[in-house]
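The next block is protein-v1.txt, given as compact mmCIF, C-alpha atoms.
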```txt
# COMPACT_ATOMS: atom_id res chain seq x y z
CA MET A 108 25.39 2.64 -1.95
CA ILE A 109 23.55 -0.41 -3.29
CA ILE A 110 20.51 0.31 -5.47
CA ILE A 111 18.31 -2.69 -6.23
CA THR A 112 15.28 -2.67 -8.52
CA GLY A 113 12.54 -5.24 -8.15
CA ALA A 114 13.34 -5.07 -4.44
CA SER A 115 10.00 -6.10 -2.95
CA LYS A 116 10.12 -9.80 -3.80
CA GLY A 117 12.15 -12.67 -5.16
CA ILE A 118 15.82 -12.12 -5.92
CA GLY A 119 15.63 -8.37 -5.36
CA LYS A 120 14.22 -8.76 -1.87
CA TYR A 121 16.78 -11.42 -1.01
CA LEU A 122 19.64 -9.15 -2.12
CA CYS A 123 18.27 -6.24 -0.09
CA GLU A 124 18.24 -8.44 2.99
CA GLU A 125 21.75 -9.79 2.40
CA TYR A 126 23.33 -6.39 1.80
CA SER A 127 21.50 -4.98 4.81
CA LYS A 128 22.94 -7.72 6.99
CA LYS A 129 26.40 -6.63 5.87
CA ASN A 130 25.60 -3.07 6.95
CA ASN A 131 25.47 -1.54 3.47
CA ASP A 132 23.32 1.45 2.63
CA VAL A 133 20.57 0.04 0.41
CA PHE A 134 17.95 1.75 -1.72
CA GLY A 135 15.26 -0.70 -2.78
CA ILE A 136 13.11 0.23 -5.77
CA TYR A 137 9.71 -1.38 -6.18
CA ASN A 138 6.56 -0.62 -8.13
CA SER A 139 3.56 -2.90 -7.72
CA THR A 140 4.20 -4.65 -4.39
CA PHE A 141 4.49 -2.52 -1.25
CA THR A 142 7.22 -3.40 1.18
CA GLU A 143 8.45 -1.99 4.48
CA SER A 144 12.03 -1.46 5.54
CA PHE A 145 13.46 -4.27 7.67
CA HIS A 146 16.79 -2.58 8.45
CA PRO A 147 17.69 0.99 9.45
CA LYS A 148 20.12 1.33 6.52
CA THR A 149 17.61 0.08 3.95
CA VAL A 150 15.08 2.46 2.42
CA PHE A 151 12.39 1.47 -0.07
CA PHE A 152 10.97 3.72 -2.77
CA LYS A 153 7.99 3.24 -5.05
CA VAL A 154 9.20 4.12 -8.55
CA ASP A 155 7.86 3.02 -11.93
CA THR A 156 11.12 2.58 -13.81
CA THR A 157 9.37 2.76 -17.16
CA LYS A 158 8.47 6.39 -16.42
CA ASP A 159 11.38 8.75 -16.82
CA SER A 160 9.63 11.47 -14.81
CA GLU A 161 9.36 9.26 -11.72
CA ILE A 162 13.02 8.30 -11.87
CA LYS A 163 14.10 11.93 -12.28
CA SER A 164 12.00 12.93 -9.27
CA TRP A 165 13.52 10.14 -7.19
CA ILE A 166 17.03 11.13 -8.27
CA GLU A 167 16.43 14.77 -7.32
CA GLN A 168 15.21 13.79 -3.86
CA ASN A 169 18.10 11.45 -3.12
CA GLN A 170 21.04 12.74 -5.14
CA HIS A 171 23.16 13.59 -2.10
CA ASP A 172 23.18 9.91 -1.06
CA LEU A 173 24.21 8.57 -4.46
CA LYS A 174 27.87 7.74 -3.88
CA ASP A 175 29.99 4.70 -4.80
CA ILE A 176 26.97 3.20 -6.53
CA THR A 177 26.28 -0.41 -7.35
CA LEU A 178 23.08 -0.70 -9.39
CA ILE A 179 21.54 -4.17 -9.50
CA ASN A 180 18.64 -4.44 -11.93
CA CYS A 181 16.32 -7.23 -10.83
CA ALA A 182 12.97 -5.79 -11.89
CA GLY A 183 11.25 -7.91 -14.49
CA ILE A 184 7.92 -9.27 -15.65
CA ASN A 185 6.89 -12.11 -17.94
CA TYR A 186 4.06 -12.76 -20.38
CA ASN A 187 3.34 -16.24 -21.64
CA SER A 188 1.78 -16.61 -25.06
CA PHE A 189 2.51 -18.19 -28.41
CA ALA A 190 3.46 -15.43 -30.84
CA HIS A 191 0.46 -15.88 -33.12
CA LYS A 192 -1.90 -15.46 -30.16
CA ALA A 193 -0.02 -12.70 -28.32
CA ASP A 194 -1.63 -9.52 -27.01
CA ILE A 195 0.74 -6.89 -28.42
CA GLN A 196 0.17 -4.53 -25.49
CA LYS A 197 1.12 -7.18 -22.93
CA TRP A 198 4.09 -8.13 -25.12
CA ARG A 199 5.18 -4.49 -25.22
CA GLU A 200 4.87 -4.15 -21.43
CA VAL A 201 7.53 -6.84 -20.96
CA ILE A 202 9.94 -4.86 -23.15
CA GLU A 203 9.05 -1.66 -21.31
CA VAL A 204 9.82 -3.08 -17.87
CA ASN A 205 12.67 -5.50 -18.57
CA LEU A 206 14.61 -3.47 -21.13
CA ILE A 207 13.55 0.17 -21.17
CA GLY A 208 13.06 0.33 -17.40
CA THR A 209 16.54 -1.11 -16.92
CA PHE A 210 18.02 1.41 -19.34
CA ASN A 211 16.20 4.27 -17.61
CA MET A 212 17.78 3.35 -14.27
CA ILE A 213 21.24 2.99 -15.78
CA SER A 214 21.01 6.26 -17.67
CA SER A 215 19.91 8.11 -14.54
CA VAL A 216 22.77 6.98 -12.28
CA LEU A 217 25.56 7.09 -14.88
CA PRO A 218 26.22 10.85 -14.41
CA PHE A 219 26.95 10.24 -10.73
CA MET A 220 29.17 7.25 -11.51
CA ARG A 221 31.10 9.18 -14.14
CA GLU A 222 31.62 12.16 -11.84
CA GLN A 223 32.89 9.86 -9.06
CA SER A 224 34.94 7.63 -11.41
CA PHE A 225 33.34 4.52 -9.98
CA GLY A 226 30.29 2.40 -10.68
CA ARG A 227 29.08 -1.16 -10.88
CA ILE A 228 26.02 -2.09 -12.94
CA ILE A 229 24.70 -5.63 -12.87
CA ASN A 230 21.71 -6.70 -14.94
CA PHE A 231 19.79 -9.93 -14.71
CA GLY A 232 19.50 -11.66 -18.05
CA SER A 233 18.20 -15.17 -18.43
CA VAL A 234 19.09 -18.60 -19.74
CA VAL A 235 16.08 -18.34 -22.06
CA ALA A 236 17.94 -15.83 -24.22
CA ALA A 237 19.96 -18.76 -25.56
CA LEU A 238 17.78 -21.74 -24.63
CA PRO A 239 14.66 -21.84 -26.82
CA SER A 240 11.41 -22.11 -24.90
CA PRO A 241 7.90 -21.79 -26.33
CA GLY A 242 5.55 -19.00 -25.31
CA ILE A 243 8.07 -16.53 -23.91
CA SER A 244 9.12 -14.53 -26.97
CA ALA A 245 8.64 -11.20 -25.17
CA TYR A 246 10.72 -12.24 -22.16
CA ALA A 247 13.44 -13.79 -24.32
CA ALA A 248 13.61 -10.70 -26.52
CA SER A 249 13.90 -8.36 -23.53
CA LYS A 250 16.68 -10.40 -21.93
CA SER A 251 18.59 -10.90 -25.18
CA ALA A 252 18.60 -7.16 -25.81
CA LEU A 253 20.25 -6.46 -22.46
CA PHE A 254 23.55 -7.88 -23.67
CA GLY A 255 23.94 -5.63 -26.71
CA MET A 256 22.92 -2.64 -24.63
CA SER A 257 25.41 -3.50 -21.89
CA LYS A 258 28.34 -3.96 -24.27
CA SER A 259 27.77 -0.50 -25.73
CA ILE A 260 27.46 1.13 -22.32
CA ALA A 261 30.60 -0.70 -21.15
CA VAL A 262 32.82 0.83 -23.84
CA GLU A 263 31.32 4.26 -23.26
CA ASN A 264 32.19 4.26 -19.56
CA ALA A 265 35.12 1.90 -18.90
CA SER A 266 37.61 4.76 -18.73
CA LYS A 267 35.62 6.17 -15.81
CA GLY A 268 36.03 3.10 -13.61
CA ILE A 269 32.52 1.88 -14.41
CA THR A 270 31.67 -1.72 -15.25
CA ILE A 271 28.44 -3.23 -16.52
CA ASN A 272 27.79 -6.95 -16.78
CA ASN A 273 24.89 -9.35 -17.12
CA ILE A 274 24.08 -12.42 -15.08
CA ASN A 275 22.22 -14.95 -17.21
CA LEU A 276 20.29 -16.84 -14.60
CA GLY A 277 18.94 -20.31 -15.08
CA TYR A 278 16.35 -21.75 -12.72
CA SER A 279 16.79 -20.65 -9.12
CA GLU A 280 14.97 -21.16 -5.85
CA LEU A 281 13.90 -17.52 -6.08
CA GLY A 282 12.27 -15.39 -8.72
CA MET A 283 9.95 -16.57 -11.46
CA ILE A 284 10.32 -20.26 -10.64
CA SER A 285 7.07 -19.84 -8.69
CA GLU A 286 5.29 -19.43 -12.02
CA VAL A 287 6.47 -22.82 -13.29
CA PRO A 288 3.79 -25.52 -12.85
CA GLU A 289 4.89 -28.36 -10.61
CA ARG A 290 4.49 -30.90 -13.41
CA PHE A 291 7.18 -29.07 -15.41
CA LEU A 292 9.57 -28.45 -12.53
CA GLU A 293 10.85 -32.02 -12.37
CA ASP A 294 11.51 -32.00 -16.12
CA ILE A 295 13.53 -28.81 -15.69
CA LYS A 296 15.62 -30.35 -12.91
CA LYS A 297 16.37 -33.35 -15.11
CA ARG A 298 17.98 -31.02 -17.64
CA ILE A 299 20.33 -29.64 -14.96
CA PRO A 300 23.29 -32.00 -14.39
CA SER A 301 23.21 -31.49 -10.62
CA ASN A 302 19.42 -32.02 -10.62
CA LYS A 303 18.86 -28.99 -8.40
CA LEU A 304 17.96 -25.32 -8.63
CA CYS A 305 20.36 -22.45 -8.07
CA LYS A 306 20.86 -21.48 -4.43
CA PRO A 307 20.37 -17.80 -3.57
CA ALA A 308 23.89 -17.65 -2.12
CA ASP A 309 25.36 -18.49 -5.53
CA ILE A 310 23.62 -15.44 -6.98
CA PHE A 311 24.92 -13.20 -4.21
CA ASN A 312 28.47 -14.52 -4.51
CA THR A 313 28.48 -13.90 -8.26
CA ILE A 314 27.33 -10.33 -7.78
CA GLU A 315 30.08 -9.75 -5.25
CA TYR A 316 32.63 -11.17 -7.67
CA LEU A 317 31.51 -8.70 -10.32
CA ARG A 318 31.51 -5.82 -7.85
CA LYS A 319 35.09 -6.50 -6.80
CA THR A 320 36.60 -7.19 -10.23
CA GLU A 321 37.05 -4.11 -12.41
CA TYR A 322 38.50 -5.98 -15.38
CA ILE A 323 35.31 -7.94 -15.99
CA ASN A 324 33.30 -5.57 -18.13
CA GLY A 325 30.74 -5.77 -20.93
CA THR A 326 30.24 -9.49 -20.59
CA GLU A 327 27.87 -12.18 -19.34
CA ILE A 328 28.16 -14.79 -16.64
CA ASN A 329 25.91 -17.81 -16.89
CA ILE A 330 24.56 -19.19 -13.63
CA ASN A 331 22.57 -22.11 -14.96
CA GLY A 332 24.10 -25.27 -13.51
CA GLY A 333 25.09 -26.44 -17.00
CA ILE A 334 21.48 -26.86 -18.12
CA ILE A 335 21.05 -28.62 -21.45
```
Represent the supplied structure as structure tokens.
Amino acid sequence: MIIITGASKGIGKYLCEEYSKKNNDVFGIYNSTFTESFHPKTVFFKVDTTKDSEIKSWIEQNQHDLKDITLINCAGINYNSFAHKADIQKWREVIEVNLIGTFNMISSVLPFMREQSFGRIINFGSVVAALPSPGISAYAASKSALFGMSKSIAVENASKGITINNINLGYSELGMISEVPERFLEDIKKRIPSNKLCKPADIFNTIEYLRKTEYINGTEININGGII
């Protein structure tokens, strides 16, 4: 069973489509953007991952299907503002979705993984956690925090055949690149040695590598093209 959050658009939608093509059972979790199933083995659910009650209700309704789970956390939002001008509520919402929502999903499926002695958890971090960029303090904070959280969860569950790792994504053809103004996009490409954005297939292949390799645990893989 593949569970993907942020499944209605961007990277999450792409991964749902790819795993569906390979005949996997897929549960796609979305919140704000409605989407319809495009494959008989793919089911979409509207769940606000920041609300524990909604996740618990979803778990109760689908617990009999939760076997051999891979959880891929793609859900994320951004808020652009210099710190001294930031709206604290909008800043907090980024932390709620990107960090707390991710933890809520992990915490909810871990009992099933532990009982079955198998689980794969893959979170999407970001290059901005280590590459300073102005105006994205909330996003950078949320993505940086994922690593410390993941390392702790890794040591808690490794003996149960469960791994958790982060993919620190640079600039890809999918996802939040659509929010980057065109005038900045060329400058970004110039900082990438290959002068091109990450292909979706590279993201999928990295996830598959992490799914198949039990001894990679509690770590990060950078998919950033060597950006400087």
Which segment 163-203 of chain A residues have any atom within 9 Å of an atom of segment 210-234 of chain A, and for each, what is the nearest pair of atoms with distance in Å to one decimal, counting all atoms listed in the file, rows sorted by chain and number, as CSV?
```
residue,atom,partner,partner_atom,distance
A:Lys163,CA,A:Ser215,CA,7.3
A:Ile166,CA,A:Ser215,CA,7.5
A:Gln170,CA,A:Phe219,CA,8.5
A:Leu173,CA,A:Phe219,CA,7.0
A:Lys174,CA,A:Phe219,CA,7.3
A:Asp175,CA,A:Phe225,CA,6.2
A:Ile176,CA,A:Gly226,CA,5.4
A:Thr177,CA,A:Arg227,CA,4.6
A:Leu178,CA,A:Ile228,CA,4.8
A:Ile179,CA,A:Ile229,CA,4.8
A:Asn180,CA,A:Asn230,CA,4.9
A:Cys181,CA,A:Phe231,CA,5.9
A:Ala182,CA,A:Phe231,CA,8.5
A:Gly183,CA,A:Phe231,CA,8.8
```
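Here atom CA of Glu161 of chain A stands at a distance of 16.6 Å from atom CA of Asn205 of chain A.
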Worksheet item: Which residue out of A:Ile195, A:Ile110, A:Ala190, A:Leu206 has the minimum interatomic distance to Thr157 of chain A when all atoms listed in the file are used?
Response: A:Leu206
Discussion item. List the spatial neighbours of Tyr322 of chain A as number ranges by chain - criterion: any atom at most 10 Å away, only C-alpha atoms, same-chain residues fewer than 2 positions off excluded.
Written reply: A: 265, 268-270, 317, 319-320, 324-325
Fill in: Counting only C-alpha atoms, the option among A:Leu253, A:Ala193, A:Ile310, A:Val204 closest to Thr112 of chain A
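Once distances to Thr112 of chain A are computed over only C-alpha atoms, the minimum belongs to A:Val204.
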Fill in: Computed interatomic separation between atom CA of Met256 of chain A and atom CA of Ile162 of chain A (Å)
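One can read the atom CA of Met256 of chain A to atom CA of Ile162 of chain A distance as 19.5 Å.
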Worksheet item: What separation in Å, quoted to one decimal, exists between atom CA of Val201 of chain A and atom CA of Arg290 of chain A?
Response: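 Separation between atom CA of Val201 of chain A and atom CA of Arg290 of chain A: 25.4 Å.
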Worksheet item: What residues have an atom no more than 10 Å from (12.8, -19.2, -21.1) in the file's own frame, counting only C-alpha atoms, and can you write them as a PyMOL selection string?
Response: chain A and resi 185+187+233-247+250+277-278
Selection from above, C-alpha atoms, as an mmCIF file, in the coordinates of the input, can you write it?
```cif
data_model
loop_
_atom_site.group_PDB
_atom_site.id
_atom_site.type_symbol
_atom_site.label_atom_id
_atom_site.label_comp_id
_atom_site.auth_asym_id
_atom_site.auth_seq_id
_atom_site.Cartn_x
_atom_site.Cartn_y
_atom_site.Cartn_z
ATOM 1 C CA ASN A 185 6.890 -12.110 -17.940
ATOM 2 C CA ASN A 187 3.340 -16.240 -21.640
ATOM 3 C CA SER A 233 18.200 -15.170 -18.430
ATOM 4 C CA VAL A 234 19.090 -18.600 -19.740
ATOM 5 C CA VAL A 235 16.080 -18.340 -22.060
ATOM 6 C CA ALA A 236 17.940 -15.830 -24.220
ATOM 7 C CA ALA A 237 19.960 -18.760 -25.560
ATOM 8 C CA LEU A 238 17.780 -21.740 -24.630
ATOM 9 C CA PRO A 239 14.660 -21.840 -26.820
ATOM 10 C CA SER A 240 11.410 -22.110 -24.900
ATOM 11 C CA PRO A 241 7.900 -21.790 -26.330
ATOM 12 C CA GLY A 242 5.550 -19.000 -25.310
ATOM 13 C CA ILE A 243 8.070 -16.530 -23.910
ATOM 14 C CA SER A 244 9.120 -14.530 -26.970
ATOM 15 C CA ALA A 245 8.640 -11.200 -25.170
ATOM 16 C CA TYR A 246 10.720 -12.240 -22.160
ATOM 17 C CA ALA A 247 13.440 -13.790 -24.320
ATOM 18 C CA LYS A 250 16.680 -10.400 -21.930
ATOM 19 C CA GLY A 277 18.940 -20.310 -15.080
ATOM 20 C CA TYR A 278 16.350 -21.750 -12.720
#
```
Worksheet item: So, counting all atoms listed in the file, which residue among A:Phe141, A:Ile334, A:Lys148, A:Thr326 is closest to Ser257 of chain A?
Response: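 Looking at the shortest contact to Ser257 of chain A, the residue is A:Thr326.
If you measure from each of A:Ser266, A:Ser115, A:Ser164, A:Gln196 to Glu321 of chain A using only C-alpha atoms, the closest one turns out to be A:Ser266.
The residue that comes closest to Cys123 of chain A, out of A:Ile323, A:Phe311, A:Glu289, A:Trp165 and on the basis of all atoms listed in the file, is A:Phe311.
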Fill in: Sphere at (27.9, -17.2, -16.2), radius 7 Å, counting only C-alpha atoms: residues as a ChimeraX atom specification
/A:274-275,327-330
Discussion item. Applying 10 Å and only C-alpha atoms, which residues near Pro307 of chain A remain after dropping the ones on its own chain fewer than 3 positions away? List them as a ChimeraX atom specification.
Written reply: /A:117-118,121-122,279-282,304,310-312
Practice prompt. Would you list the contacts of segment 124-131 of chain A as an MDAnalysis selection string, taking every protein, DNA or RNA residue within 10 Å and counting all atoms listed in the file, but skipping same-chain residues closer than 4 positions in sequence?
Written response: chainID A and resid 108:109 114 118:120 144:149 308 311
